[in-house]
>>> print(open('run-v4.cif').read())   # mmCIF, C-alpha atoms
data_protein
#
loop_
_atom_site.label_atom_id
_atom_site.label_comp_id
_atom_site.auth_asym_id
_atom_site.auth_seq_id
_atom_site.Cartn_x
_atom_site.Cartn_y
_atom_site.Cartn_z
CA MET Q 725 -53.34 0.69 -44.30
CA ALA Q 726 -51.80 2.93 -46.97
CA LEU Q 727 -50.13 1.23 -49.85
CA ILE Q 728 -46.61 2.44 -50.64
CA PRO Q 729 -46.01 3.05 -54.31
CA LEU Q 730 -43.26 0.92 -55.76
CA SER Q 731 -41.21 4.07 -56.58
CA GLN Q 732 -40.92 4.97 -52.86
CA ARG Q 733 -40.05 1.56 -51.43
CA GLY Q 734 -36.28 2.12 -51.61
CA GLN Q 735 -36.51 5.27 -49.39
CA ALA Q 736 -38.34 3.38 -46.63
CA ALA Q 737 -35.71 0.64 -46.70
CA ILE Q 738 -32.81 3.10 -46.41
CA THR Q 739 -34.49 4.92 -43.50
CA ASP Q 740 -34.87 1.59 -41.68
CA ALA Q 741 -31.21 0.83 -42.35
CA MET Q 742 -30.19 4.23 -40.95
CA TYR Q 743 -32.22 3.54 -37.77
CA PHE Q 744 -30.50 0.18 -37.51
CA LEU Q 745 -27.10 1.86 -37.89
CA ILE Q 746 -27.92 4.33 -35.09
CA ILE Q 747 -29.04 1.50 -32.78
CA ALA Q 748 -25.97 -0.61 -33.59
CA THR Q 749 -23.61 2.36 -33.05
CA THR Q 750 -25.22 3.13 -29.68
CA LEU Q 751 -24.86 -0.50 -28.62
CA SER Q 752 -21.25 -0.52 -29.77
CA ALA Q 753 -20.50 2.64 -27.78
CA PHE Q 754 -22.04 0.99 -24.72
CA LEU Q 755 -20.00 -2.17 -25.23
CA PHE Q 756 -16.82 -0.15 -25.72
CA SER Q 757 -17.33 1.90 -22.55
CA PHE Q 758 -18.13 -1.32 -20.66
CA SER Q 759 -14.89 -2.91 -21.83
CA VAL Q 760 -12.86 0.14 -20.83
CA LEU Q 761 -14.47 0.59 -17.40
CA TYR Q 762 -14.85 -3.11 -16.56
CA GLY Q 763 -13.07 -4.02 -13.36
CA GLU Q 764 -11.98 -0.51 -12.32
CA ASN Q 765 -13.68 -0.91 -8.94
CA LEU Q 766 -12.23 -4.38 -8.53
CA GLU Q 767 -8.77 -3.09 -9.39
CA ARG Q 768 -9.11 -0.31 -6.79
CA ASN Q 769 -10.34 -2.77 -4.18
CA VAL Q 770 -7.48 -5.19 -4.85
CA GLN Q 771 -4.96 -2.35 -4.36
CA LYS Q 772 -6.72 -1.27 -1.18
CA LYS Q 773 -6.75 -4.84 0.14
CA GLU Q 774 -3.04 -5.19 -0.70
CA LEU Q 775 -2.16 -2.04 1.27
CA GLN Q 776 -4.44 -3.01 4.17
CA GLU Q 777 -2.89 -6.47 4.35
CA PHE Q 778 0.58 -4.92 4.21
CA THR Q 779 -0.04 -2.51 7.11
CA SER Q 780 -1.61 -5.25 9.20
CA SER Q 781 1.41 -7.53 8.57
CA ALA Q 782 3.82 -4.68 9.25
CA LEU Q 783 2.26 -3.80 12.62
CA LYS Q 784 2.46 -7.42 13.82
CA THR Q 785 5.99 -7.89 12.46
CA ILE Q 786 7.24 -4.71 14.14
CA LEU Q 787 6.04 -5.83 17.55
CA TYR Q 788 6.93 -9.55 17.21
CA THR Q 789 10.63 -9.10 16.41
CA THR Q 790 13.42 -9.35 18.96
CA ILE Q 791 15.98 -6.72 20.00
CA PRO Q 792 19.20 -7.00 22.03
CA ARG Q 793 18.66 -6.63 25.78
CA ASP Q 794 21.58 -4.23 25.96
CA MET Q 795 21.28 -1.73 23.16
CA THR Q 796 24.60 0.02 23.74
CA ASN Q 797 26.69 -3.21 23.70
CA PRO Q 798 24.45 -5.73 21.89
CA ASN Q 799 25.04 -9.42 22.59
CA PRO Q 800 23.40 -11.63 19.91
CA LYS Q 801 22.65 -14.30 22.50
CA GLU Q 802 20.71 -11.96 24.77
CA ASN Q 803 17.61 -10.99 22.87
CA ASP Q 804 14.07 -10.21 23.95
CA PHE Q 805 10.83 -9.35 22.17
CA LEU Q 806 10.63 -5.67 21.26
CA LEU Q 807 7.19 -5.48 22.87
CA ALA Q 808 8.64 -6.81 26.15
CA GLY Q 809 11.46 -4.25 25.94
CA LEU Q 810 8.93 -1.45 25.28
CA LYS Q 811 6.82 -2.46 28.29
CA GLU Q 812 9.90 -2.59 30.51
CA ASP Q 813 11.08 0.80 29.27
CA TYR Q 814 7.67 2.38 29.88
CA PHE Q 815 7.49 0.86 33.36
CA ASP Q 816 10.75 2.59 34.33
CA ASP Q 817 9.87 6.22 33.54
CA GLU Q 818 6.62 6.22 31.51
CA SER Q 819 8.49 6.96 28.31
CA PHE Q 820 10.18 5.04 25.50
CA SER Q 821 13.46 6.94 25.71
CA ARG Q 822 15.69 3.80 25.67
CA THR Q 823 13.77 1.80 23.06
CA ALA Q 824 12.65 4.62 20.71
CA TYR Q 825 15.41 4.14 18.16
CA ALA Q 826 15.19 0.32 18.18
CA LEU Q 827 11.47 0.66 17.52
CA ARG Q 828 12.12 3.24 14.79
CA ASP Q 829 14.62 0.89 13.07
CA ASN Q 830 12.17 -2.02 13.24
CA ILE Q 831 9.42 0.11 11.72
CA GLN Q 832 11.77 1.26 8.99
CA ASN Q 833 12.83 -2.34 8.20
CA ALA Q 834 9.25 -3.55 7.89
CA MET Q 835 8.20 -0.63 5.72
CA ILE Q 836 11.02 -0.77 3.13
CA PRO Q 837 8.83 -1.69 0.13
CA LEU Q 838 6.61 1.36 0.68
CA ALA Q 839 9.38 3.75 1.70
CA PRO Q 840 9.97 5.57 -1.62
CA ALA Q 841 6.36 6.47 -2.36
CA TYR Q 842 4.41 6.46 0.90
CA ASP Q 843 4.27 8.45 4.13
CA TYR Q 844 3.29 6.85 7.39
CA LEU Q 845 2.60 7.39 11.08
CA PHE Q 846 3.22 4.95 13.88
CA TYR Q 847 2.17 5.86 17.40
CA PHE Q 848 1.12 4.55 20.78
CA TYR Q 849 -1.96 6.24 22.17
CA ILE Q 850 -3.11 6.11 25.77
CA PRO Q 851 -6.58 7.60 26.32
CA PRO Q 852 -6.40 10.72 28.59
CA GLU Q 853 -8.89 9.25 31.09
CA GLN Q 854 -6.50 6.31 31.63
CA LEU Q 855 -3.69 8.75 32.38
CA ALA Q 856 -5.85 10.89 34.69
CA SER Q 857 -7.06 7.87 36.67
CA THR Q 858 -3.46 6.74 37.25
CA GLY Q 859 -2.15 10.17 38.25
CA SER Q 860 -0.34 11.31 35.09
CA SER Q 861 -0.73 14.37 32.91
CA THR Q 862 -3.27 14.02 30.11
CA LEU Q 863 -0.70 15.69 27.82
CA ASP Q 864 1.26 12.39 27.78
CA SER Q 865 -1.25 10.54 25.57
CA PHE Q 866 1.38 9.89 22.89
CA PRO Q 867 4.47 8.38 24.57
CA PHE Q 868 5.79 7.42 21.11
CA PHE Q 869 4.88 9.10 17.85
CA LEU Q 870 6.88 8.55 14.66
CA PHE Q 871 6.12 10.43 11.43
CA TYR Q 872 7.79 9.38 8.15
CA LYS Q 873 7.08 12.47 6.10
CA SER Q 874 7.90 13.35 2.51
CA THR Q 875 9.96 16.52 2.22
CA TYR Q 876 10.64 18.72 -0.78
CA THR Q 877 11.36 22.32 -1.65
CA VAL Q 878 9.07 24.39 -3.82
CA THR Q 879 10.38 27.39 -5.74
CA HIS Q 880 8.61 29.58 -8.27
CA ASP Q 881 9.48 29.07 -11.90
CA PRO Q 882 12.08 31.75 -12.83
CA ASP Q 883 10.84 31.83 -16.43
CA PRO Q 884 9.31 35.33 -16.81
CA ARG Q 885 6.39 33.85 -18.77
CA TYR Q 886 5.23 31.91 -15.69
CA ALA Q 887 6.57 34.11 -12.87
CA SER Q 888 3.25 35.78 -12.22
CA ASP Q 889 1.28 32.52 -12.19
CA PRO Q 890 1.51 30.76 -8.79
CA ARG Q 891 0.49 27.44 -10.40
CA TYR Q 892 3.91 27.09 -12.06
CA VAL Q 893 6.39 25.88 -9.45
CA ILE Q 894 9.55 23.76 -9.39
CA VAL Q 895 9.59 20.89 -6.90
CA GLU Q 896 13.12 19.84 -5.93
CA ASN Q 897 15.02 17.82 -3.31
CA GLN Q 898 12.30 15.24 -2.83
CA GLY Q 899 12.97 12.85 0.02
CA HIS Q 900 11.66 11.58 3.32
CA THR Q 901 12.52 12.52 6.91
CA PHE Q 902 11.75 10.82 10.21
CA PHE Q 903 10.23 12.95 12.93
CA PHE Q 904 9.52 12.14 16.56
CA CYS Q 905 6.45 14.08 17.62
CA ARG Q 906 4.53 14.88 20.78
CA PRO Q 907 0.93 15.89 19.96
CA GLN Q 908 -1.04 16.82 23.05
CA SER Q 909 -4.43 15.66 21.92
CA ILE Q 910 -5.95 13.10 19.56
CA SER Q 911 -7.73 15.94 17.74
CA ASP Q 912 -4.33 17.18 16.44
CA VAL Q 913 -3.85 13.77 14.78
CA ASP Q 914 -7.44 13.71 13.51
CA ASN Q 915 -6.91 17.12 11.86
CA LEU Q 916 -3.91 15.75 9.97
CA LEU Q 917 -5.75 12.59 8.90
CA PHE Q 918 -8.71 14.69 7.74
CA ALA Q 919 -6.38 16.45 5.26
CA ILE Q 920 -5.11 13.16 3.81
CA SER Q 921 -6.89 10.79 1.45
CA ASN Q 922 -6.38 7.12 0.49
CA LYS Q 923 -5.00 6.20 3.88
CA SER Q 924 -4.89 2.72 5.32
CA LYS Q 925 -4.99 2.23 9.09
CA THR Q 926 -4.28 -0.76 11.31
CA SER Q 927 -4.60 -0.81 15.08
CA GLY Q 928 -3.50 -3.19 17.80
CA ARG Q 929 -4.20 -3.05 21.54
CA SER Q 930 -2.13 -3.98 24.54
CA GLN Q 931 -1.55 -2.95 28.14
CA LEU Q 932 1.33 -1.13 29.83
CA LEU Q 933 2.15 -1.54 33.48
CA VAL Q 934 3.00 1.54 35.56
CA SER Q 935 4.06 1.98 39.13
CA GLN Q 936 2.72 5.00 41.01
CA ALA Q 937 4.45 6.14 44.19
CA GLY Q 938 2.54 4.90 47.21
CA SER Q 939 0.07 2.83 45.20
CA ASP Q 940 -0.20 -0.61 43.61
CA LEU Q 941 0.87 -1.43 40.09
CA LYS Q 942 -1.67 -0.27 37.52
CA TYR Q 943 -2.39 -1.16 33.92
CA ARG Q 944 -2.95 1.37 31.15
CA ASN Q 945 -4.62 0.39 27.90
CA VAL Q 946 -2.50 1.39 24.93
CA GLN Q 947 -3.35 1.40 21.26
CA ALA Q 948 -0.70 1.02 18.55
CA ASP Q 949 -1.72 2.58 15.23
CA LEU Q 950 0.02 2.37 11.87
CA ILE Q 951 -1.38 4.68 9.20
CA VAL Q 952 -0.03 4.66 5.63
CA TRP Q 953 -0.90 6.85 2.63
CA PRO Q 954 0.64 7.67 -0.75
CA SER Q 955 2.96 10.66 -0.37
CA ALA Q 956 0.97 13.83 -0.89
CA SER Q 957 1.22 17.44 0.17
CA PHE Q 958 -0.95 18.78 2.99
CA PRO Q 959 -1.07 22.16 4.76
CA ASP Q 960 2.16 22.28 6.78
CA GLN Q 961 3.21 25.93 6.50
CA ALA Q 962 4.22 27.13 9.98
CA GLY Q 963 1.97 29.98 11.14
CA SER Q 964 -0.77 29.23 8.64
CA PRO Q 965 -4.23 28.81 10.23
CA ASN Q 966 -4.64 25.56 8.26
CA ASP Q 967 -1.32 24.08 9.36
CA VAL Q 968 -1.93 20.50 10.49
CA PHE Q 969 1.73 19.58 10.98
CA GLY Q 970 2.76 22.25 13.55
CA PRO Q 971 0.33 21.10 16.29
CA LEU Q 972 1.96 17.65 16.20
CA ARG Q 973 5.08 19.29 17.75
CA CYS Q 974 7.61 17.32 15.69
CA CYS Q 975 11.41 17.23 15.78
CA GLU Q 976 13.71 15.67 13.22
CA ALA Q 977 14.74 12.25 14.55
CA ASP Q 978 18.15 11.93 12.92
CA VAL Q 979 19.86 14.94 14.46
CA PRO Q 980 22.95 14.11 16.57
CA ASP Q 981 22.23 13.68 20.28
CA PHE Q 982 18.48 13.97 19.80
CA PRO Q 983 17.42 13.98 23.50
CA ALA Q 984 19.67 16.98 24.19
CA SER Q 985 18.52 18.94 21.11
CA ALA Q 986 16.62 22.17 21.67
CA CYS Q 987 13.58 20.95 19.73
CA ALA Q 988 13.31 17.69 21.73
CA GLN Q 989 13.66 19.60 25.01
CA THR Q 990 11.08 22.22 24.06
CA ASN Q 991 8.51 19.68 22.88
CA LYS Q 992 9.30 17.19 25.70
CA ILE Q 993 9.52 14.38 23.16
CA PHE Q 994 10.47 11.57 25.54
CA GLU Q 995 9.76 13.34 28.79
CA LYS Q 996 6.82 13.25 31.13
CA HIS Q 997 4.80 16.40 31.61
CA ALA Q 998 4.36 17.61 35.18
CA THR Q 999 1.44 15.96 36.96
CA PRO Q 1000 -1.45 18.43 37.34
CA MET D 1174 -44.83 1.59 -66.98
CA LEU D 1175 -44.66 5.24 -65.76
CA ASN D 1176 -45.29 4.00 -62.20
CA LYS D 1177 -42.21 1.78 -62.38
CA LYS D 1178 -39.77 4.53 -63.45
CA GLY D 1179 -36.46 4.00 -61.56
CA TYR D 1180 -37.59 0.66 -60.21
CA LEU D 1181 -34.68 -1.78 -60.26
CA GLY D 1182 -36.46 -4.82 -58.99
CA SER D 1183 -37.12 -6.10 -55.49
CA ILE D 1184 -33.40 -6.58 -54.64
CA GLY D 1185 -32.05 -3.66 -56.65
CA ASP D 1186 -34.44 -1.24 -54.93
CA ASP D 1187 -33.09 -2.17 -51.46
CA LEU D 1188 -29.45 -2.15 -52.59
CA PRO D 1189 -28.53 1.34 -51.14
CA SER D 1190 -29.91 0.35 -47.72
CA LEU D 1191 -27.56 -2.62 -47.62
CA ILE D 1192 -24.56 -0.28 -47.22
CA PRO D 1193 -25.52 1.21 -43.79
CA LEU D 1194 -26.93 -2.18 -42.80
CA THR D 1195 -23.63 -3.97 -43.48
CA PHE D 1196 -21.65 -1.16 -41.86
CA ALA D 1197 -23.83 -1.33 -38.73
CA LEU D 1198 -23.39 -5.10 -38.48
CA LEU D 1199 -19.63 -4.77 -38.93
CA VAL D 1200 -19.35 -2.09 -36.22
CA PHE D 1201 -21.53 -4.07 -33.84
CA PHE D 1202 -19.73 -7.40 -34.21
CA ALA D 1203 -16.30 -5.74 -34.12
CA SER D 1204 -17.10 -4.01 -30.81
CA LEU D 1205 -18.64 -7.24 -29.46
CA GLY D 1206 -15.47 -9.14 -30.29
CA PHE D 1207 -13.28 -6.41 -28.80
CA THR D 1208 -15.36 -6.39 -25.60
CA PHE D 1209 -15.17 -10.16 -25.16
CA ASN D 1210 -11.44 -10.08 -25.76
CA GLN D 1211 -10.92 -7.30 -23.21
CA PHE D 1212 -13.20 -9.04 -20.73
CA ASP D 1213 -11.16 -12.26 -20.97
CA LEU D 1214 -7.84 -10.43 -20.61
CA ARG D 1215 -9.00 -8.46 -17.59
CA GLN D 1216 -10.57 -11.51 -16.00
CA GLU D 1217 -7.26 -13.35 -16.30
CA LYS D 1218 -5.40 -10.38 -14.80
CA PHE D 1219 -7.82 -10.24 -11.85
CA ASP D 1220 -7.43 -13.98 -11.27
CA GLN D 1221 -3.67 -13.41 -11.19
CA LYS D 1222 -3.97 -10.48 -8.76
CA LEU D 1223 -6.34 -12.34 -6.45
CA LEU D 1224 -4.08 -15.39 -6.57
CA LYS D 1225 -1.04 -13.44 -5.39
CA LEU D 1226 -3.07 -12.10 -2.45
CA LYS D 1227 -4.27 -15.63 -1.65
CA ILE D 1228 -0.75 -17.09 -1.78
CA GLY D 1229 0.57 -14.21 0.34
CA SER D 1230 -2.04 -14.53 3.07
CA THR D 1231 -1.80 -18.35 3.15
CA LEU D 1232 1.97 -18.35 3.55
CA LYS D 1233 2.29 -15.51 6.05
CA GLY D 1234 -0.56 -16.69 8.32
CA ASP D 1235 -0.72 -14.16 11.18
CA SER D 1236 2.66 -12.66 10.15
CA LEU D 1237 4.69 -14.73 12.64
CA ILE D 1238 6.41 -17.77 11.12
CA ASN D 1239 7.48 -19.82 14.07
CA ASP D 1240 9.45 -22.52 12.26
CA TYR D 1241 10.17 -23.98 8.85
CA ASP D 1242 7.47 -26.68 9.24
CA GLN D 1243 4.76 -24.04 9.56
CA PHE D 1244 5.86 -22.48 6.26
CA GLU D 1245 6.17 -25.85 4.53
CA THR D 1246 2.72 -26.97 5.70
CA ALA D 1247 1.17 -23.73 4.41
CA CYS D 1248 3.03 -24.23 1.12
CA ARG D 1249 1.62 -27.75 0.68
CA THR D 1250 -1.97 -26.46 0.98
CA LEU D 1251 -1.44 -24.36 -2.17
CA ASN D 1252 -2.46 -26.40 -5.18
CA ILE D 1253 -2.14 -23.95 -8.05
CA THR D 1254 -2.03 -24.95 -11.68
CA SER D 1255 -3.48 -21.94 -13.49
CA PHE D 1256 -0.38 -19.75 -13.04
CA LYS D 1257 3.26 -20.20 -12.11
CA PHE D 1258 4.32 -18.75 -8.81
CA ARG D 1259 7.32 -18.37 -6.56
CA ALA D 1260 7.14 -17.18 -2.95
CA ALA D 1261 10.20 -16.72 -0.77
CA ILE D 1262 11.15 -14.93 2.43
CA TYR D 1263 14.12 -12.62 1.98
CA ASN D 1264 16.42 -10.90 4.38
CA MET D 1265 16.21 -7.33 3.16
CA GLY D 1266 19.00 -6.10 5.42
CA ASP D 1267 18.42 -3.43 8.01
CA TYR D 1268 18.68 0.25 8.69
CA SER D 1269 22.18 0.08 10.18
CA SER D 1270 23.82 -2.34 7.70
CA GLY D 1271 22.01 -1.12 4.56
CA TYR D 1272 19.10 -2.48 2.56
CA LYS D 1273 19.21 -5.10 -0.23
CA ARG D 1274 17.13 -5.56 -3.35
CA ILE D 1275 15.23 -8.52 -4.75
CA LYS D 1276 16.93 -9.85 -7.85
CA LEU D 1277 14.39 -10.40 -10.64
CA PHE D 1278 16.70 -9.81 -13.61
CA GLU D 1279 19.96 -11.48 -14.48
CA ASP D 1280 21.87 -8.20 -14.79
CA SER D 1281 21.13 -6.86 -11.26
CA GLU D 1282 24.05 -5.52 -9.25
CA PRO D 1283 25.35 -8.52 -7.26
CA GLU D 1284 26.15 -6.56 -4.10
CA ASP D 1285 22.54 -5.39 -3.82
CA VAL D 1286 20.97 -8.82 -3.83
CA ALA D 1287 18.83 -9.87 -0.87
CA GLU D 1288 19.26 -13.48 0.20
CA MET D 1289 16.55 -15.94 1.13
CA ILE D 1290 16.24 -16.67 4.82
CA GLU D 1291 17.24 -20.25 5.59
CA PHE D 1292 16.53 -22.58 8.47
CA GLU D 1293 19.13 -25.37 8.85
CA GLY D 1294 20.08 -25.01 5.19
CA GLN D 1295 16.46 -25.03 3.97
CA PRO D 1296 15.43 -21.78 2.28
CA PHE D 1297 11.93 -20.41 2.96
CA LEU D 1298 10.84 -21.02 -0.61
CA CYS D 1299 7.55 -22.21 -2.08
CA GLU D 1300 7.00 -22.54 -5.84
CA ASN D 1301 5.21 -24.58 -8.49
CA SER D 1302 7.72 -24.02 -11.28
CA ASP D 1303 11.31 -25.04 -11.82
CA GLN D 1304 11.79 -22.19 -14.24
CA SER D 1305 14.77 -19.89 -13.72
CA LEU D 1306 14.20 -17.28 -11.05
CA PHE D 1307 14.96 -14.47 -13.43
CA PHE D 1308 12.53 -13.07 -15.96
CA THR D 1309 13.57 -12.79 -19.55
CA ASN D 1310 10.37 -11.83 -21.34
CA LEU D 1311 8.33 -9.53 -19.15
CA ALA D 1312 5.75 -8.73 -21.84
CA ALA D 1313 4.78 -12.39 -22.26
CA GLN D 1314 5.16 -13.50 -18.66
CA GLN D 1315 3.32 -10.50 -17.12
CA PRO D 1316 4.58 -11.01 -13.55
CA GLU D 1317 2.58 -9.67 -10.60
CA ASN D 1318 4.33 -9.10 -7.27
CA VAL D 1319 3.26 -8.54 -3.71
CA MET D 1320 5.42 -8.08 -0.62
CA TYR D 1321 4.50 -8.57 3.03
CA PRO D 1322 6.73 -8.10 6.05
CA VAL D 1323 6.82 -11.20 8.27
CA ALA D 1324 8.51 -12.02 11.56
CA VAL D 1325 10.56 -15.23 11.23
CA ASN D 1326 11.57 -17.12 14.34
CA LEU D 1327 15.07 -18.61 13.88
CA ASP D 1328 15.81 -20.48 17.08
CA GLY D 1329 14.46 -17.78 19.36
CA ASP D 1330 15.81 -14.87 17.36
CA VAL D 1331 12.83 -13.28 15.61
CA LYS D 1332 13.93 -11.40 12.49
CA THR D 1333 12.05 -9.17 10.07
CA GLY D 1334 11.80 -10.87 6.68
CA MET D 1335 10.03 -9.90 3.49
CA LEU D 1336 7.68 -12.44 1.92
CA VAL D 1337 7.85 -11.79 -1.83
CA VAL D 1338 5.21 -13.50 -3.97
CA THR D 1339 5.54 -13.45 -7.75
CA VAL D 1340 2.83 -14.88 -10.01
CA TRP D 1341 3.26 -15.11 -13.78
CA ARG D 1342 1.92 -16.86 -16.86
#
>>> encode(input="run-v4.cif", output="structure tokens")
Amino acid sequence: MALIPLSQRGQAAITDAMYFLIIATTLSAFLFSFSVLYGENLERNVQKKELQEFTSSALKTILYTTIPRDMTNPNPKENDFLLAGLKEDYFDDESFSRTAYALRDNIQNAMIPLAPAYDYLFYFYIPPEQLASTGSSTLDSFPFFLFYKSTYTVTHDPDPRYASDPRYVIVENQGHTFFFCRPQSISDVDNLLFAISNKSKTSGRSQLLVSQAGSDLKYRNVQADLIVWPSASFPDQAGSPNDVFGPLRCCEADVPDFPASACAQTNKIFEKHATP
Amino acid sequence: MLNKKGYLGSIGDDLPSLIPLTFALLVFFASLGFTFNQFDLRQEKFDQKLLKLKIGSTLKGDSLINDYDQFETACRTLNITSFKFRAAIYNMGDYSSGYKRIKLFEDSEPEDVAEMIEFEGQPFLCENSDQSLFFTNLAAQQPENVMYPVAVNLDGDVKTGMLVVTVWR
């Protein structure tokens, strides 16, 4: 073991102190990053749980509430469950033409807290094989499809400094619009959902009774889905190969005399397709 | 004597090394204290967030409140002392007649205020504090809110209500 001369002892001590400083600084940096990042995952999960719980509550609430039996001249003493009204309406002509707006209003009432910042879909889905086995067109898989979609206009910044750069745009007239849609296949909906992140989905199942000419009454399984996500843009430019909104075949719900509108007629929003 | 040139003694020789040593200890203990403080604050915030979810899911049950007794029974199962809370079911209005707002501050517009749903004069209200409904010092009270839609059965007429849970210090 080499002996350290007395004149060099101070240098060894200061080197040790510098090593100690480096170790202490590293530990402090670790502690600091821990304190900043602590609970981020938990925070995210709590928010996710909150949204999930909200959509699940909303779906049940929408279907549990009552509506007037006569929607044109409502009598407060003659109410029935919305779900019962929906089943009755579907039994008549395999569409929700009479109850569509009552259902839309109920959905809107339940979703008020999320309305300013979220988009959502609510639809009933009947699997095509169920329709085929009971003699209906497989294009009628979505007898009701409501889309609450954020709308806005995008214009290019007129400032000559930014005019040539497509990243600089002005977003104006932000709002939301209700659409009734008539997608013809579940893949059209899947394509939209693939383009959206942070969504929360809740499903419920029930059965609808239908009457086919010359046959007994038959049940169709129906799935009610409510899907919510924070408002975000997605490819919806008509004619674009990536457009995921066009294939949903949507029409604005709040136009006057919706059933008679050209869009509703073209897309057969509340009409049955011809049986193949 | 030549060998001891510049030698200040056993303490004096180590004196310069005490500066980085002290600085390192200061930095380390300061960051340790900061971390513990942050940890405690966040932990308390998470407890508050989890509590509002717990109160919400206990009171709403399966989202159909069949009568006032069901709500009152659920309210009695909540034994919360760590935070103050207030949970009430409001009539938020509807699409045709216009929507209302929850009044949390004294100076809200009166015509916007949503009213609590009542059953035979009893409001659907559950709370562990008799403090005024309105917040005066948001920074100190740090309220956390959650809202859930619920279907409330009022003598056969099932209405959409909004369960609003507020938890604060």
>>> closest_residue(input="run-v4.cif", among="D:Gln1221, D:Thr1333, D:Thr1339, D:Asn1301", to="chain Q", atoms="all atoms listed in the file")
D:Thr1333
>>> closest_residue(input="run-v4.cif", among="Q:Lys942, Q:His900, Q:His997, Q:Lys923", to="Leu775 (chain Q)", atoms="only C-alpha atoms")
Q:Lys923
>>> closest_atom_pairs(input="run-v4.cif", of="chain D", to="chain Q", cutoff="7 Å", atoms="only C-alpha atoms", output="Markdown table")
| residue | atom | partner | partner_atom | distance |
| --- | --- | --- | --- | --- |
| D:Asn1176 | CA | Q:Ser731 | CA | 6.9 |
| D:Lys1177 | CA | Q:Ser731 | CA | 6.3 |
| D:Gly1179 | CA | Q:Ser731 | CA | 6.9 |
| D:Tyr1180 | CA | Q:Ser731 | CA | 6.2 |
| D:Asp1186 | CA | Q:Gly734 | CA | 5.1 |
| D:Asp1187 | CA | Q:Gly734 | CA | 5.3 |
| D:Pro1189 | CA | Q:Ile738 | CA | 6.6 |
| D:Ser1190 | CA | Q:Ile738 | CA | 4.2 |
| D:Pro1193 | CA | Q:Ala741 | CA | 5.9 |
| D:Leu1194 | CA | Q:Ala741 | CA | 5.3 |
| D:Ala1197 | CA | Q:Leu745 | CA | 4.6 |
| D:Val1200 | CA | Q:Ser752 | CA | 6.9 |
| D:Phe1201 | CA | Q:Ser752 | CA | 5.4 |
| D:Ser1204 | CA | Q:Ser752 | CA | 5.5 |
| D:Leu1205 | CA | Q:Leu755 | CA | 6.7 |
| D:Thr1208 | CA | Q:Ser759 | CA | 5.2 |
| D:Gln1211 | CA | Q:Ser759 | CA | 6.1 |
| D:Phe1212 | CA | Q:Ser759 | CA | 6.5 |
| D:Ser1236 | CA | Q:Ser781 | CA | 5.5 |
| D:Leu1237 | CA | Q:Thr785 | CA | 7.0 |
| D:Asp1267 | CA | Q:Asn833 | CA | 5.7 |
| D:Tyr1268 | CA | Q:Asp829 | CA | 6.0 |
| D:Tyr1321 | CA | Q:Phe778 | CA | 5.5 |
| D:Pro1322 | CA | Q:Ala782 | CA | 5.5 |
| D:Val1323 | CA | Q:Thr785 | CA | 5.4 |
| D:Ala1324 | CA | Q:Thr785 | CA | 4.9 |
| D:Asp1330 | CA | Q:Thr790 | CA | 6.2 |
| D:Val1331 | CA | Q:Thr789 | CA | 4.8 |
| D:Lys1332 | CA | Q:Thr789 | CA | 5.6 |
| D:Thr1333 | CA | Q:Thr789 | CA | 6.5 |
>>> atom_distance(input="run-v4.cif", atom1="CA of Ser821 (chain Q)", atom2="CA of Lys992 (chain Q)")
11.1 Å
>>> resolve_selection(input="run-v4.cif", expression="the PyMOL selection byres ((chain Q and resi 943-952) around 10)", output="VMD selection string")
chain Q and resid 775 to 776 778 to 780 782 to 783 787 831 835 838 842 to 851 853 to 855 857 to 858 865 to 872 917 922 to 935 940 to 942 953 to 955
>>> atom_distance(input="run-v4.cif", atom1="CA of Ala808 (chain Q)", atom2="CA of Ala1287 (chain D)")
29.0 Å
>>> atom_distance(input="run-v4.cif", atom1="CA of Leu1214 (chain D)", atom2="CA of Gln1314 (chain D)")
13.5 Å
